[in-house]
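Visitor: For reference, this is structure_20.cif, and it has mmCIF, C-alpha atoms.
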data_data
#
loop_
_atom_site.label_atom_id
_atom_site.label_comp_id
_atom_site.auth_asym_id
_atom_site.auth_seq_id
_atom_site.Cartn_x
_atom_site.Cartn_y
_atom_site.Cartn_z
CA MET S 23 0.62 216.15 227.79
CA LYS S 24 1.53 212.59 227.10
CA PRO S 25 5.02 212.10 225.77
CA VAL S 26 5.08 211.35 222.12
CA LYS S 27 6.36 207.86 221.47
CA LYS S 28 9.05 207.68 218.90
CA LYS S 29 8.36 205.33 216.11
CA LYS S 30 10.88 202.54 215.84
CA THR S 31 12.78 202.49 212.64
CA GLU S 32 11.63 199.51 210.72
CA GLU S 33 14.51 197.27 209.76
CA PRO S 34 14.34 195.64 206.38
CA GLU S 35 13.27 192.05 206.67
CA LEU S 36 15.71 189.48 205.39
CA GLU S 37 14.54 187.12 202.75
CA PRO S 38 14.09 183.57 204.04
CA LEU S 39 16.90 181.20 203.20
CA CYS S 40 16.36 178.11 201.14
CA CYS S 41 17.70 174.76 202.28
CA CYS S 42 21.05 175.25 200.50
CA GLU S 43 21.70 178.89 201.44
CA TYR S 44 23.43 180.23 204.54
CA ILE S 45 25.01 183.34 206.03
CA ASP S 46 28.78 182.95 206.02
CA ARG S 47 31.28 184.31 208.55
CA ASN S 48 31.49 187.60 206.63
CA GLY S 49 27.74 188.15 207.03
CA GLU S 50 27.01 187.55 203.37
CA LYS S 51 24.53 185.14 201.82
CA ASN S 52 26.23 182.15 200.26
CA HIS S 53 25.27 178.84 198.66
CA VAL S 54 26.41 175.29 199.32
CA ALA S 55 27.14 174.77 195.63
CA ALA S 56 29.69 177.60 195.77
CA CYS S 57 31.79 175.96 198.46
CA LEU S 58 34.85 175.73 196.16
CA CYS S 59 34.47 179.13 194.54
CA ASP S 60 36.26 182.38 195.32
CA CYS S 61 38.88 181.13 197.78
CA GLN S 62 42.06 183.11 197.22
CA ASP S 63 43.85 181.55 200.20
CA LEU S 64 43.22 178.04 198.88
CA ASP S 65 44.43 179.04 195.39
CA GLU S 66 47.56 180.60 196.86
CA GLY S 67 48.23 177.54 199.01
CA CYS S 68 47.84 175.18 196.04
CA ASP S 69 50.14 177.32 193.89
CA ARG S 70 52.84 177.35 196.56
CA TRP S 71 52.45 173.62 197.12
CA LEU S 72 52.75 172.83 193.41
CA SER S 73 55.83 175.05 193.15
CA CYS S 74 57.39 173.23 196.16
CA LYS S 75 57.24 176.34 198.35
CA SER S 76 56.28 176.34 202.00
CA VAL S 77 52.79 177.54 202.91
CA ARG S 78 52.68 180.17 205.62
CA PRO S 79 50.96 179.15 208.89
CA GLU S 80 48.50 182.06 208.75
CA THR S 81 47.47 180.96 205.25
CA CYS S 82 46.80 177.44 206.52
CA GLU S 83 44.66 178.83 209.36
CA ARG S 84 42.61 180.94 206.93
CA ILE S 85 42.12 177.94 204.65
CA THR S 86 40.97 175.84 207.61
CA ASP S 87 38.55 178.54 208.76
CA THR S 88 37.13 178.88 205.25
CA ILE S 89 36.65 175.14 204.85
CA SER S 90 34.98 174.81 208.27
CA ASP S 91 32.65 177.72 207.43
CA ARG S 92 31.65 176.31 204.04
CA LEU S 93 31.29 172.68 205.10
CA ARG S 94 27.50 172.56 205.46
CA ILE S 95 24.59 170.27 204.76
CA PRO S 96 21.20 171.36 203.33
CA TRP S 97 18.60 171.91 206.05
CA LEU S 98 15.28 173.60 206.57
CA ARG S 99 15.56 177.41 206.70
CA GLY S 100 19.21 177.40 205.74
CA ALA S 101 22.15 175.02 205.47
CA ARG S 102 23.57 173.80 208.78
CA LYS S 103 27.27 174.04 209.58
CA VAL S 104 29.14 170.78 210.12
CA ASN S 105 32.04 170.81 212.56
CA ILE S 106 35.04 169.70 210.54
CA SER S 107 36.64 167.95 213.52
CA ILE S 108 34.00 165.20 213.55
CA VAL S 109 34.78 164.11 209.97
CA PRO S 110 38.27 162.49 210.30
CA PRO S 111 37.18 159.72 212.72
CA LEU S 112 34.21 158.80 210.53
CA VAL S 113 36.45 158.37 207.50
CA LEU S 114 39.85 157.30 208.80
CA LEU S 115 38.93 154.81 211.54
CA PRO S 116 37.26 152.21 209.25
CA VAL S 117 40.05 152.63 206.68
CA PHE S 118 42.83 152.12 209.24
CA LEU S 119 41.16 149.09 210.84
CA HIS S 120 40.53 147.41 207.48
CA VAL S 121 44.14 148.01 206.41
CA ALA S 122 45.39 146.66 209.75
CA SER S 123 43.46 143.43 209.21
CA TRP S 124 45.41 142.56 206.04
CA HIS S 125 48.54 141.40 207.90
CA PHE S 126 49.71 141.30 211.50
CA LEU S 127 52.68 143.59 210.73
CA LEU S 128 50.35 146.19 209.23
CA GLY S 129 48.12 145.74 212.26
CA ALA S 130 51.02 146.44 214.63
CA VAL S 131 52.02 149.58 212.72
CA VAL S 132 48.49 150.95 212.49
CA LEU S 133 47.53 150.19 216.10
CA ILE S 134 50.70 151.88 217.34
CA SER S 135 50.20 154.89 215.06
CA LEU S 136 46.59 155.56 216.09
CA PRO S 137 47.34 156.47 219.76
CA VAL S 138 50.35 158.54 218.66
CA LEU S 139 48.22 160.53 216.21
CA ALA S 140 45.48 160.99 218.80
CA LEU S 141 47.98 162.27 221.38
CA TRP S 142 49.53 164.62 218.83
CA TYR S 143 46.14 166.08 217.98
CA TYR S 144 45.30 166.37 221.68
CA TYR S 145 48.43 168.39 222.48
CA LEU S 146 47.86 170.51 219.37
CA THR S 147 44.34 171.53 220.40
CA HIS S 148 45.24 171.73 224.10
CA ARG S 149 48.06 174.15 223.36
CA ARG S 150 45.72 176.38 221.38
CA LYS S 151 43.04 176.15 224.09
CA GLU S 152 40.42 175.23 221.52
CA GLN S 153 37.30 173.11 221.84
CA THR S 154 37.12 170.14 219.50
CA LEU S 155 34.55 167.46 218.75
CA PHE S 156 37.23 165.11 217.40
CA PHE S 157 37.55 162.93 220.50
CA LEU S 158 33.82 162.86 221.22
CA SER S 159 33.22 161.85 217.60
CA LEU S 160 36.01 159.27 217.82
CA GLY S 161 34.59 157.77 221.01
CA LEU S 162 30.98 157.57 219.83
CA PHE S 163 31.90 156.29 216.38
CA SER S 164 34.26 153.70 217.89
CA LEU S 165 31.42 152.39 220.06
CA GLY S 166 29.08 152.20 217.08
CA TYR S 167 31.62 150.66 214.73
CA MET S 168 32.79 148.04 217.23
CA TYR S 169 29.17 147.06 217.81
CA TYR S 170 28.57 146.89 214.04
CA VAL S 171 31.59 144.60 213.51
CA PHE S 172 30.43 142.45 216.43
CA LEU S 173 26.96 142.02 214.91
CA ARG S 174 28.25 141.37 211.40
CA GLU S 175 31.36 139.24 211.98
CA VAL S 176 31.07 137.66 215.45
CA VAL S 177 27.38 136.95 216.09
CA PRO S 178 26.80 134.95 212.85
CA LYS S 179 29.42 132.40 213.95
CA GLY S 180 26.89 131.08 216.48
CA ARG S 181 28.98 131.29 219.64
CA VAL S 182 27.14 134.28 221.13
CA GLY S 183 23.75 133.59 222.64
CA PRO S 184 20.74 135.94 222.72
CA THR S 185 21.21 136.66 226.42
CA GLN S 186 24.85 137.65 225.92
CA LEU S 187 23.96 139.87 222.98
CA ALA S 188 21.16 141.52 224.95
CA LEU S 189 23.50 142.11 227.90
CA LEU S 190 26.14 143.70 225.65
CA THR S 191 23.51 145.88 223.96
CA PHE S 192 22.16 146.99 227.34
CA GLY S 193 25.68 147.92 228.44
CA LEU S 194 26.13 150.02 225.30
CA PHE S 195 22.83 151.78 226.01
CA LEU S 196 23.92 152.54 229.59
CA ILE S 197 27.20 154.00 228.30
CA LEU S 198 25.34 156.40 226.03
CA LEU S 199 22.96 157.33 228.83
CA ALA S 200 25.82 158.04 231.24
CA LEU S 201 27.65 160.07 228.59
CA TYR S 202 24.50 162.11 227.98
CA ARG S 203 24.30 162.86 231.70
CA ALA S 204 28.02 163.68 231.88
CA LYS S 205 27.65 166.12 228.96
CA LYS S 206 25.17 168.24 230.91
CA ASP S 207 26.04 171.32 232.95
CA PRO S 208 29.14 170.47 235.05
CA GLY S 209 28.37 173.33 237.43
CA TYR S 210 29.00 176.52 235.50
CA LEU S 211 29.07 179.73 237.50
CA SER S 212 26.96 182.43 235.88
CA ASN S 213 27.51 186.15 236.27
CA PRO S 214 24.44 187.95 237.72
CA VAL S 215 22.74 190.28 235.24
CA GLY S 216 23.84 193.89 235.40
CA ASN S 217 27.09 193.29 237.25
CA ASP S 218 29.76 194.10 234.72
CA LYS S 219 32.22 196.06 236.78
CA THR S 220 35.40 194.85 238.36
CA PRO S 221 35.63 195.41 242.11
CA SER S 222 37.58 198.46 243.09
CA ASN S 223 40.55 198.46 245.44
CA SER S 224 38.41 199.86 248.24
CA GLN S 225 35.96 197.00 247.83
CA ILE S 226 38.71 194.41 247.84
CA GLU S 227 40.33 195.85 250.95
CA CYS S 228 37.03 195.83 252.85
CA PRO S 229 37.42 193.09 255.52
CA ILE S 230 34.70 190.74 256.70
CA LYS S 231 33.46 191.83 260.07
CA LYS S 232 33.60 189.12 262.75
CA GLY S 233 33.79 186.43 260.05
CA GLN S 234 30.01 186.39 259.63
CA GLU S 235 28.95 189.42 257.59
CA LYS S 236 28.73 189.12 253.83
CA THR S 237 31.31 190.96 251.78
CA LYS S 238 29.68 193.82 249.92
CA GLY S 239 30.50 195.33 246.59
CA PHE S 240 31.25 192.12 244.71
CA PRO S 241 29.22 191.05 241.74
CA GLY S 242 28.03 187.52 242.13
CA THR S 243 28.03 187.33 245.91
CA ASP S 244 25.11 184.90 245.98
CA THR S 245 24.99 181.15 246.48
CA SER S 246 26.00 180.39 242.90
CA GLY S 247 29.38 182.08 242.94
CA SER S 248 29.50 183.93 246.16
CA LEU S 249 31.42 184.47 249.29
CA ASN S 250 28.66 182.82 251.31
CA ASN S 251 30.25 179.41 250.91
CA ARG S 252 33.50 180.81 252.22
CA THR S 253 32.20 182.79 255.20
CA LEU S 254 34.41 182.25 258.18
CA LYS S 255 32.99 180.14 260.98
CA ASP S 256 33.63 180.14 264.68
CA ASP S 257 35.10 176.63 264.52
CA ILE S 258 38.07 177.72 262.43
CA LYS S 259 39.14 180.66 264.55
CA GLY S 260 42.85 180.62 265.11
CA SER S 261 43.43 178.59 261.96
CA SER S 262 46.65 179.30 260.11
CA ARG S 263 44.91 179.31 256.74
CA VAL S 264 44.27 182.51 254.86
CA GLY S 265 40.61 183.53 255.03
CA LEU S 266 38.52 185.84 252.98
CA ASP S 267 39.35 188.69 255.30
CA SER S 268 42.67 188.81 253.46
CA PRO S 269 42.55 191.17 250.47
CA VAL S 270 45.14 189.02 248.71
CA LYS S 271 42.87 185.98 248.94
CA VAL S 272 39.90 187.94 247.64
CA LYS S 273 41.93 189.11 244.67
CA GLU S 274 42.92 185.51 243.91
CA ASP S 275 39.28 184.39 243.98
CA TRP S 276 38.09 187.16 241.69
CA CYS S 277 37.74 186.02 238.06
CA ALA S 278 38.25 189.00 235.77
CA LYS S 279 36.92 187.14 232.74
CA CYS S 280 33.68 185.90 234.30
CA GLN S 281 33.33 188.99 236.55
CA LEU S 282 32.51 187.06 239.72
CA VAL S 283 34.06 185.77 242.91
CA ARG S 284 34.71 182.05 242.73
CA PRO S 285 33.65 179.82 245.64
CA ALA S 286 36.01 177.27 247.14
CA ARG S 287 37.64 174.85 244.68
CA ALA S 288 36.13 176.53 241.61
CA TRP S 289 38.37 177.30 238.66
CA HIS S 290 38.16 179.07 235.33
CA CYS S 291 38.36 176.76 232.31
CA ARG S 292 40.30 178.47 229.54
CA ILE S 293 38.86 176.10 226.93
CA CYS S 294 35.19 176.52 227.88
CA GLY S 295 35.77 180.16 228.85
CA ILE S 296 33.76 179.98 232.09
CA CYS S 297 34.24 179.15 235.78
CA VAL S 298 33.19 175.71 237.02
CA ARG S 299 32.33 174.59 240.54
CA ARG S 300 34.84 172.14 241.99
CA MET S 301 36.45 171.76 238.60
CA ASP S 302 38.37 168.53 238.15
CA HIS S 303 39.57 168.83 234.55
CA HIS S 304 38.43 169.52 231.01
CA CYS S 305 37.72 166.17 229.37
CA VAL S 306 38.17 166.05 225.61
CA TRP S 307 36.21 162.78 225.38
CA ILE S 308 33.00 164.56 226.33
CA ASN S 309 34.09 168.00 225.10
CA SER S 310 33.15 169.50 228.45
CA CYS S 311 34.49 170.14 231.92
CA VAL S 312 34.16 167.63 234.73
CA GLY S 313 32.88 169.50 237.75
CA GLU S 314 30.63 169.30 240.75
CA SER S 315 27.41 168.49 238.88
CA ASN S 316 28.65 165.82 236.44
CA HIS S 317 31.64 164.21 238.20
CA GLN S 318 29.56 161.28 239.43
CA ALA S 319 28.11 160.66 235.95
CA PHE S 320 31.63 160.80 234.50
CA ILE S 321 32.87 158.12 236.90
CA LEU S 322 29.78 156.02 236.20
CA ALA S 323 30.33 156.29 232.43
CA LEU S 324 33.94 155.14 232.83
CA LEU S 325 32.93 152.18 234.98
CA ILE S 326 30.16 151.00 232.64
CA PHE S 327 32.44 151.41 229.63
CA LEU S 328 35.19 149.31 231.20
CA LEU S 329 32.81 146.51 232.15
CA THR S 330 31.05 146.48 228.77
CA SER S 331 34.31 146.67 226.82
CA VAL S 332 35.91 143.79 228.70
CA TYR S 333 32.76 141.73 228.25
CA GLY S 334 32.66 142.42 224.50
CA ILE S 335 36.36 141.60 224.12
CA SER S 336 35.91 138.28 225.95
CA LEU S 337 32.93 137.31 223.77
CA THR S 338 34.85 138.08 220.58
CA LEU S 339 37.99 136.19 221.59
CA ASN S 340 35.97 133.16 222.71
CA THR S 341 34.42 133.12 219.24
CA ILE S 342 37.47 133.56 216.99
CA CYS S 343 40.03 131.83 219.27
CA ARG S 344 38.25 128.86 220.78
CA ASP S 345 39.51 126.75 223.68
CA ARG S 346 42.00 129.38 224.82
CA SER S 347 42.08 131.63 227.82
CA LEU S 348 41.39 135.33 227.36
CA PHE S 349 44.99 136.43 227.93
CA THR S 350 46.47 133.66 225.76
CA ALA S 351 44.08 134.31 222.88
CA LEU S 352 44.98 137.99 222.94
CA PHE S 353 48.66 137.27 222.20
CA TYR S 354 48.53 133.86 220.51
CA CYS S 355 45.68 133.04 218.17
CA PRO S 356 46.98 130.90 215.25
CA GLY S 357 45.08 131.10 212.00
CA VAL S 358 43.31 134.30 212.91
CA TYR S 359 44.53 135.97 209.69
CA ALA S 360 43.45 133.02 207.56
CA ASN S 361 40.18 134.74 206.65
CA TYR S 362 39.28 138.39 206.53
CA SER S 363 36.34 138.17 208.95
CA SER S 364 38.34 136.81 211.89
CA ALA S 365 41.26 139.15 211.07
CA LEU S 366 39.01 142.22 211.21
CA SER S 367 37.45 141.01 214.48
CA PHE S 368 40.89 140.40 216.01
CA THR S 369 42.08 143.86 214.91
CA CYS S 370 39.01 145.47 216.48
CA VAL S 371 39.71 143.52 219.68
CA TRP S 372 43.20 144.99 219.93
CA TYR S 373 41.87 148.46 219.14
CA SER S 374 39.34 148.05 221.95
CA VAL S 375 42.07 146.82 224.30
CA ILE S 376 44.14 149.98 223.66
CA ILE S 377 41.16 152.27 224.27
CA THR S 378 40.13 150.27 227.36
CA ALA S 379 43.65 150.45 228.81
CA GLY S 380 43.67 154.25 228.43
CA MET S 381 40.27 154.60 230.05
CA ALA S 382 41.29 152.23 232.85
CA TYR S 383 44.25 154.49 233.65
CA ILE S 384 41.96 157.55 233.76
CA PHE S 385 39.53 155.62 235.97
CA LEU S 386 42.34 154.60 238.35
CA ILE S 387 43.57 158.19 238.68
CA GLN S 388 40.03 159.35 239.36
CA LEU S 389 39.54 156.75 242.11
CA ILE S 390 42.80 157.78 243.76
CA ASN S 391 41.94 161.48 243.62
CA ILE S 392 38.49 160.87 245.07
CA SER S 393 39.97 158.78 247.89
CA TYR S 394 42.27 161.68 248.80
CA ASN S 395 39.59 164.34 248.13
CA VAL S 396 41.65 166.19 245.56
CA THR S 397 40.81 167.28 242.02
CA GLU S 398 43.08 166.92 239.01
CA ARG S 399 43.34 170.70 238.80
CA GLU S 400 44.52 170.86 242.41
CA VAL S 401 47.02 168.07 241.73
CA GLN S 402 48.58 169.98 238.84
CA GLN S 403 48.76 173.16 240.90
CA ALA S 404 50.35 171.33 243.83
CA LEU S 405 52.98 169.80 241.54
CA ARG S 406 53.83 173.20 240.05
CA GLN S 407 54.07 174.85 243.46
CA LYS S 408 55.71 171.77 245.04
CA THR S 409 53.20 171.76 247.89
CA GLY S 410 51.84 168.23 247.45
CA ARG S 411 53.08 164.95 248.92
CA ARG S 412 53.90 162.41 246.20
CA LEU S 413 53.38 158.70 246.84
CA LEU S 414 53.89 155.56 244.73
CA CYS S 415 56.27 157.21 242.24
CA GLY S 416 53.97 160.20 241.78
CA LEU S 417 50.82 158.18 241.07
CA ILE S 418 49.28 159.61 244.24
CA VAL S 419 49.50 163.31 245.09
CA ASP S 420 48.07 164.31 248.46
CA THR S 421 47.70 168.04 248.99
CA GLY S 422 46.42 167.53 252.55
CA GLN S 423 44.09 170.51 252.20
CA TYR S 424 40.74 168.72 251.92
CA ASN S 425 41.65 165.14 252.85
CA ARG S 426 39.41 164.01 255.72
CA GLY S 427 39.84 160.26 255.50
CA PHE S 428 38.86 157.61 252.96
CA LEU S 429 35.23 157.10 254.01
CA ARG S 430 34.43 160.76 254.56
CA ASN S 431 36.03 161.68 251.23
CA TRP S 432 33.87 159.17 249.37
CA TYR S 433 30.79 160.28 251.29
CA GLN S 434 31.42 163.87 250.26
CA PHE S 435 31.86 162.77 246.64
CA SER S 436 28.58 160.85 246.76
CA THR S 437 26.76 164.02 247.86
CA LEU S 438 28.21 166.31 245.19
CA GLY S 439 25.63 168.52 243.54
CA THR S 440 23.11 168.25 246.37
CA HIS S 441 22.00 171.62 247.73
CA THR S 442 21.70 170.27 251.26
CA ALA S 443 25.27 169.03 251.37
CA HIS S 444 27.04 170.34 254.47
CA ILE S 445 30.34 172.08 253.75
CA PRO S 446 32.85 171.08 256.45
CA ALA S 447 34.82 173.76 258.19
CA GLU S 448 38.13 172.37 256.96
CA ASP S 449 36.95 172.83 253.34
CA ILE S 450 36.61 176.58 253.82
CA VAL S 451 39.77 178.34 252.76
#
Using structure tokens, write down the structure from this file.
Guide:
Amino acid sequence: MKPVKKKKTEEPELEPLCCCEYIDRNGEKNHVAACLCDCQDLDEGCDRWLSCKSVRPETCERITDTISDRLRIPWLRGARKVNISIVPPLVLLPVFLHVASWHFLLGAVVLISLPVLALWYYYLTHRRKEQTLFFLSLGLFSLGYMYYVFLREVVPKGRVGPTQLALLTFGLFLILLALYRAKKDPGYLSNPVGNDKTPSNSQIECPIKKGQEKTKGFPGTDTSGSLNNRTLKDDIKGSSRVGLDSPVKVKEDWCAKCQLVRPARAWHCRICGICVRRMDHHCVWINSCVGESNHQAFILALLIFLLTSVYGISLTLNTICRDRSLFTALFYCPGVYANYSSALSFTCVWYSVIITAGMAYIFLIQLINISYNVTEREVQQALRQKTGRRLLCGLIVDTGQYNRGFLRNWYQFSTLGTHTAHIPAEDIV
């Protein structure tokens, strides 16, 4: 007799949402028009604020969560959620720059305050290990707004030719293209399906026979997150380094959160919540990790940005401060605050200089780390464990673990992400 198939219980179908309706964080249907209704935490916070009483931190967090959940825009088949962290740059940046263009003293105060506020927000989110779109929104909006001011205030003065404008526009397009490539998968390590168990002590203590056999009993022991990349070779016999035949080393490489064994130089990002191949750092400007697959695009985006920014700054200064060198016009440009147009352009120039200086420092550190074949994550670990060699007042940190010479280090960086890249014996730990 054929087994009788059980009929599946039919679940009640949900009614389709209109463009202004959405399912909130409590699983209930809500409406955009009711965004300010029924918020006890907000009422309590306002009452305490009006009565000059301090608002409890947990109340502030609940208010923030409620606002971020209700901040939505009408969309097809339900209202879409808007990340609240992208809003402040869109509103505050134009306001601050316009205020700074009123007087040079206001400009000095505002341009000093902006980096301080950005650093404060960075350390606040970094301490909480939270992802934020604030810096990505700030970067993209800054590019767009600087280009808008350039077209509206600088180009009409007649000092910028069509070729120069086309070159600047092409540079901006290349920046966006490089950022799009850098935002892609940095080399995430995925856990194989069905492997949810942590390795037992007996599995961890199982040594690798003759340095060639694969270690058994570990989830994820394939090429994407496996021990294959760390298999001991004949050319490193007698090495003083700890190999995978050490149970202690295997325990260190096991990621309990991702449930896999990390290959060499892979780390777990606590912000993204996943392991990344050859992780360099988590970059807030792209809201993603910089790893094996997108490190080259990240360096390319920095380089194109620096070149395009310097070119745009030089074109603007040559327009509003004529017959002066670039460096002189930056610090001495008489009459620049005589009219609002030149004052706003000059303020945007100084804002671009501050951003460019910060990106130039990041670019310099990246070039140094690549030259010594070390990642930023490895630098921080070496400084904590005091195992690295510091040079040039700490600007250079050489761990000596993967450094194989300037040319070979850059060649290895140029072949990152290629499946045919040969892993040298000295890179196997």
Visitor: When you look at region 375-381 of chain S with a cut-off of 8 Å (counting only C-alpha atoms), what residues show up, excluding the ones that are within fewer than 3 positions of it in the same chain? I need them as a list in words.
Guide: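 Once the nearby chain positions are removed, what remains is Leu324, Leu328, Ser331, Val332, Ile335, Val371, Trp372, Ile384 and Phe385 of chain S.
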Visitor: Limited to C-alpha atoms, could you put the picked residues into a file as a compact mmCIF listing (two decimals), keeping the file's coordinate frame?
Guide:
# COMPACT_ATOMS: atom_id res chain seq x y z
CA LEU S 324 33.94 155.14 232.83
CA LEU S 328 35.19 149.31 231.20
CA SER S 331 34.31 146.67 226.82
CA VAL S 332 35.91 143.79 228.70
CA ILE S 335 36.36 141.60 224.12
CA VAL S 371 39.71 143.52 219.68
CA TRP S 372 43.20 144.99 219.93
CA ILE S 384 41.96 157.55 233.76
CA PHE S 385 39.53 155.62 235.97
Visitor: Spell out the residues picked by the PyMOL selection byres ((chain S and resi 399-413) around 12) here, as number ranges by chain.
Guide: S: 286-291, 298-305, 311-313, 387-388, 390-392, 394-398, 414-425
Visitor: Quick one: apply the PyMOL selection byres ((chain S and resi 105) around 8) to the file and drop the selected residues here as a list in words.
Guide: Ser90, Leu93, Lys103, Val104, Ile106, Ser107, Ile108, Val109 and Leu155 of chain S
Visitor: Between CA of Cys343 (chain S) and CA of Tyr373 (chain S), what is the spacing in Å?
Guide: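 Separation of CA of Tyr373 (chain S) and CA of Cys343 (chain S): 16.7 Å.
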Visitor: Please measure the separation of CA of Val117 (chain S) and CA of Ser164 (chain S), giving the value in Å to one decimal.
Guide: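 Spanning CA of Val117 (chain S) to CA of Ser164 (chain S) is a straight-line distance of 12.7 Å.
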Visitor: Residue by residue, what does the PyMOL selection byres ((chain S and resi 126) around 10) grab here? Present the result as a PDB file with C-alpha atoms, keeping the file's coordinate frame.
Guide:
ATOM      1  CA  ALA S 122      45.390 146.660 209.750  1.00  0.00           C
ATOM      2  CA  SER S 123      43.460 143.430 209.210  1.00  0.00           C
ATOM      3  CA  TRP S 124      45.410 142.560 206.040  1.00  0.00           C
ATOM      4  CA  HIS S 125      48.540 141.400 207.900  1.00  0.00           C
ATOM      5  CA  LEU S 127      52.680 143.590 210.730  1.00  0.00           C
ATOM      6  CA  LEU S 128      50.350 146.190 209.230  1.00  0.00           C
ATOM      7  CA  GLY S 129      48.120 145.740 212.260  1.00  0.00           C
ATOM      8  CA  ALA S 130      51.020 146.440 214.630  1.00  0.00           C
ATOM      9  CA  VAL S 131      52.020 149.580 212.720  1.00  0.00           C
ATOM     10  CA  VAL S 132      48.490 150.950 212.490  1.00  0.00           C
ATOM     11  CA  VAL S 358      43.310 134.300 212.910  1.00  0.00           C
ATOM     12  CA  TYR S 359      44.530 135.970 209.690  1.00  0.00           C
ATOM     13  CA  ALA S 365      41.260 139.150 211.070  1.00  0.00           C
ATOM     14  CA  PHE S 368      40.890 140.400 216.010  1.00  0.00           C
ATOM     15  CA  THR S 369      42.080 143.860 214.910  1.00  0.00           C
TER      16      THR S 369
END
Visitor: Which residues come within 8 Å of His53 (chain S), counting only C-alpha atoms, excluding same-chain residues fewer than 6 positions away, as a ChimeraX atom specification?
Guide: /S:42-44
Visitor: How many Å lie between CA of Cys370 (chain S) and CA of Gln318 (chain S), rounded to one decimal?
Guide: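 CA of Gln318 (chain S) lies at a distance of 29.4 Å from CA of Cys370 (chain S).
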Visitor: Residues near Ala101 (chain S), anyone? I mean within 12 Å using all atoms listed in the file, not counting same-chain ones fewer than 5 positions away, as a list of chain:residue names.
Guide: S:Pro38, S:Leu39, S:Cys40, S:Cys41, S:Cys42, S:Glu43, S:Tyr44, S:Ile45, S:Asp46, S:Lys51, S:Asn52, S:His53, S:Val54, S:Ala55, S:Cys57, S:Asp91, S:Arg92, S:Leu93, S:Arg94, S:Ile95, S:Pro96
Visitor: Which is closest to Leu429 (chain S) among S:Gly100, S:Tyr145, S:Cys355, S:Ser393, if we use only C-alpha atoms?
Guide: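 Checking each candidate against Leu429 (chain S), we get S:Ser393 as the closest.
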Visitor: Thr147 (chain S): which residues within 12 Å, counting only C-alpha atoms, same-chain residues fewer than 5 positions away excluded, as a CSV table (one decimal) with C-alpha atoms, in the coordinates of the input?
Guide:
chain,number,residue,atom,x,y,z
S,107,SER,CA,36.6,168.0,213.5
S,140,ALA,CA,45.5,161.0,218.8
S,141,LEU,CA,48.0,162.3,221.4
S,142,TRP,CA,49.5,164.6,218.8
S,152,GLU,CA,40.4,175.2,221.5
S,153,GLN,CA,37.3,173.1,221.8
S,154,THR,CA,37.1,170.1,219.5
S,155,LEU,CA,34.6,167.5,218.8
S,156,PHE,CA,37.2,165.1,217.4
S,157,PHE,CA,37.6,162.9,220.5
S,293,ILE,CA,38.9,176.1,226.9
S,306,VAL,CA,38.2,166.0,225.6
S,309,ASN,CA,34.1,168.0,225.1
Visitor: Report as a list in words all protein, DNA and RNA residues lying within 10 Å of Lys205 (chain S), evaluated on all atoms listed in the file, omitting residues in the same chain fewer than 2 positions from it.
Guide: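 The contact residues come out as Leu199, Ala200, Leu201, Tyr202, Arg203, Asp207, Pro208, Trp307, Ile308, Asn309, Ser310, Cys311, Val312, Asn316, Ala319 and Phe320 of chain S.
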Visitor: Considering all atoms listed in the file, can you say which of S:Leu352, S:Gly334, S:Val171, S:Tyr433 comes closest to Leu187 (chain S)?
Guide: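 Using all atoms listed in the file, the shortest distance to Leu187 (chain S) belongs to S:Gly334.
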Visitor: My list of candidates is S:Val113, S:Leu325, S:Thr341, S:Gln434. Which is closest to Leu386 (chain S) when distances are computed with all atoms listed in the file?
Guide: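 Ranking S:Val113, S:Leu325, S:Thr341, S:Gln434 by distance to Leu386 (chain S), first place goes to S:Leu325.
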Visitor: Out of S:Arg344, S:Ser367, S:Leu329, S:Ser212, which residue has the shortest atom-to-atom distance to Val283 (chain S) when counting only C-alpha atoms?
Guide: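 Between S:Arg344, S:Ser367, S:Leu329, S:Ser212, the residue approaching Val283 (chain S) most closely is S:Ser212.
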Visitor: Edge lengths and centre, in Å to one decimal, as lines of an AutoDock Vina configuration file: that's what I need for the box along x, y and z that holds all listed atoms of region 183-187 of chain S plus 3 Å on each side.
Guide:
center_x = 22.8
center_y = 136.7
center_z = 224.5
size_x = 10.1
size_y = 12.3
size_z = 9.8
Visitor: I'd like to know which of S:Leu112, S:Asn48, S:Thr338, S:Thr350 is closest to Lys179 (chain S), using only C-alpha atoms.
Guide: S:Thr338
Visitor: Considering all atoms listed in the file, can you say which of S:His317, S:Leu136, S:Pro110, S:Glu50 comes closest to Leu389 (chain S)?
Guide: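 That would be S:His317, the residue with the smallest distance to Leu389 (chain S).
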